[in-house]
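Here's the structure we're looking at; comments come further down.
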Amino acid sequence: MAALLTRDGTDDLDCGSGGGDTGSTGLRIASVFIIFTGSMFGALFPVLAKRTKWLAPLVPRRVFDFAKYFGSGVIIATAFIHLLDPALDELGSPCLAPEWATYPFALAIAMFSIFFIFLTELVAFRWGTAKLASIGMSHDPHGHSNPSGAAHAAHGPESLRGNVNGDRNVLPEGGAFDGTDHEKVAAHDGSLNSTKGAEFAALGLTPSSVVDSALTQIIGVAILEFGVLLHSVLIGLTLATTDDFNTLFIVIIFHQMFEGLGVGSRLAYMQLPHKYSYIPIVGAVLYGITTPIGIAAGLGVRTTYNPDSTTASIVSGILDAFAAGILMYTGLVELLAHEFLFNKEMIEASNGKLTYALFCMLAGAGIMALLGRWA
């Protein structure tokens with residue numbers, strides 16, 4: 001029993017002296033391009049399939065639904081299995097000073113991250129709501145007036161939707177005014193007139209940008225991307241320097257493609273004004289290039305950088321814990337709760353559709369959790 005409570009082989013403990021592994025140089029260089037292809041495919045395919053005229057008709061709605069719910073499961077599993085667990089190991093490393101073992105720093109950092117992201121979104125939401133109120137409009141925080149449920153898929157506070165025969169302050173279904181819609185709303189209440197249009201212009205907004213709540217969608221996706229990109233850089237650095245390259249390489253190919261599918265499905269469902277239509281593409285490309293950049297950087301410093309070193313353990317542990325908090329909040333609050341609890345389409349869905357959505361989500365979480373056995 002005493003042997004279980006003490007650490008044997010202290011002299012043999014590897015605390016990262018020297019550089020990382022320098023073998024398999026050719027394959028490590030090839031991994032930059034292979035993982036770039038897999039990551040870019042996973043993130044870009046949902047976006048292009050949703051937005052391009054030639055590809056969109058070829059992809060059934062059920063495929064998009066699968067990607068959306070599967071991706072939610074992937075993101076949740078990534079937070080717990082691929083970020084929080086490594087953070088606990090890294091900040092609990094026996095190579096660190098004894099003070100690191102006196103407090104669960106990884107869990108505290110993850111908790112801080114959750115509250116930080118919550119407060120950031122709260123401030124942004126209240127600011128956006130105040131702006132809408134100043135021009136006589138309202139915001140539906142749970143998308144109850146949106147029967148399509150599409151806004152939930154965009155991640156973050158939902159779009160402003162409504163029926164022209166309903167709330168006078170909510171714009172018509174479809175996300176933008178055309179001439180007919182404007183006439184209907186004006187005839188119904190007269191609240192949207194030339195004066196209101198001048199107020200839009202004075203704020204630098206168009207009706208569609210207010211309806212689609214572009215700022216809140218962009219903030220929500222930016223939070224998701226930030227957590228995922230931190231994770232991707234660390235993965236790249238680890239892959240470039242690890243001595244267990246072959247196994248990790250195969251696992252990370254699937255890991256990055258599945259995670260890209262989760263990010264891409266969220267980007268694909270963003271409903272933005274035309275002038276912001278480039279943002280989903282930029283988000284997908286950023287995801288696609290981050291891990292290859294991490295690998296390239298790791299290859300450049302692998303003679304001096306060791307992922308087991310004390311400094312690397314502290315830095316990686318803090319970043320992993322912070323990113324874990326981001327993805328926990330995103331996955332559980334913005335994705336899981338909004339998709340299943342606050343989404344009118346899902347609330348009224350048949351048992352079969354609900355079962356299918358839950359199966360896709362659990363499949364994504366299960367496969368990503370299984371990959372955590374090796375990476």
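Each chain in the structure tokens gets a letter, A, B and so on, in the order shown; residues start at 1 in every chain, and ligands are counted from 1 in the order they appear.
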Open item on the list: What's around stretch 64-72 of chain A at 8 Å? Count only C-alpha atoms, leave out sequence neighbours fewer than 6 positions away in its own chain, and write the answer as an NGL selection string.
Closed with: :A and (46 or 153 or 258-259 or 261-263 or 265-266 or 331 or 335-336 or 357-358 or 360-365)
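Residue neighbourhood of A:Leu248, excluding near-sequence residues (fewer than 3 positions): Ile235, Thr238, Leu239, Thr242, Asp243, Asp244, Phe245, Val251, Ile252, Ile253, His255, Leu371, Trp374 and Ala375 of chain A, at 10 Å, using only C-alpha atoms.
Of the listed residues A:Ile326, A:Ala337, A:Cys15, A:Ile109, the one whose atoms come nearest to A:Gly220 is A:Ile326, with distances taken using only C-alpha atoms.
Between A:Leu122 and the residues A:Val74, A:Ile219, A:Leu327, A:Ala312, the shortest atom-to-atom distance, using only C-alpha atoms, involves A:Ile219.
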Please report as a Markdown table every residue of stretch 13-59 of chain A lying within 12 Å of stretch 275-296 of chain A, along with the nearest atom pair and their distance in Å (one decimal), using only C-alpha atoms.
```
| residue | atom | partner | partner_atom | distance |
| --- | --- | --- | --- | --- |
| A:Thr25 | CA | A:Ala296 | CA | 11.5 |
| A:Leu27 | CA | A:Ile295 | CA | 11.6 |
| A:Arg28 | CA | A:Ile295 | CA | 8.0 |
| A:Ile29 | CA | A:Ala296 | CA | 7.7 |
| A:Ala30 | CA | A:Pro292 | CA | 10.1 |
| A:Ser31 | CA | A:Pro292 | CA | 7.8 |
| A:Val32 | CA | A:Pro292 | CA | 4.7 |
| A:Phe33 | CA | A:Pro292 | CA | 7.1 |
| A:Ile34 | CA | A:Pro292 | CA | 8.8 |
| A:Ile35 | CA | A:Pro292 | CA | 6.6 |
| A:Phe36 | CA | A:Gly288 | CA | 5.8 |
| A:Thr37 | CA | A:Gly288 | CA | 7.7 |
| A:Gly38 | CA | A:Gly288 | CA | 8.0 |
| A:Ser39 | CA | A:Gly288 | CA | 4.7 |
| A:Met40 | CA | A:Gly288 | CA | 4.3 |
| A:Phe41 | CA | A:Gly288 | CA | 7.9 |
| A:Gly42 | CA | A:Gly288 | CA | 8.3 |
| A:Ala43 | CA | A:Ala284 | CA | 5.0 |
| A:Leu44 | CA | A:Ala284 | CA | 5.5 |
| A:Phe45 | CA | A:Ala284 | CA | 9.1 |
| A:Pro46 | CA | A:Ala284 | CA | 9.5 |
| A:Val47 | CA | A:Pro280 | CA | 6.9 |
| A:Leu48 | CA | A:Ile281 | CA | 8.3 |
| A:Ala49 | CA | A:Ile281 | CA | 11.7 |
| A:Lys50 | CA | A:Pro280 | CA | 10.8 |
| A:Arg51 | CA | A:Ser277 | CA | 9.6 |
| A:Thr52 | CA | A:Ile281 | CA | 11.7 |
```
TODO: Identify, on the basis of only C-alpha atoms, every residue whose closest approach to A:Ala79 does not exceed 6 Å; exclude the query and any residue fewer than 3 positions from it along the same chain; express the result as a ChimeraX atom specification.
DONE: /A:76,83,324,327-328
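We find atom CA of A:Met257 and atom CA of A:Gly227 to be spaced 16.2 Å apart.
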TODO: Kindly indicate which residue among A:Leu58, A:Leu267, A:Met111, A:Leu299 lies nearest to A:Leu224, using only C-alpha atoms for the distances.
DONE: A:Leu267
TODO: Name all residues at most 8 Å from stretch 90-103 of chain A (count only C-alpha atoms; drop same-chain ones fewer than 5 positions away) and give them as number ranges by chain.
DONE: A: 13, 15, 309-310, 313-314, 316-318
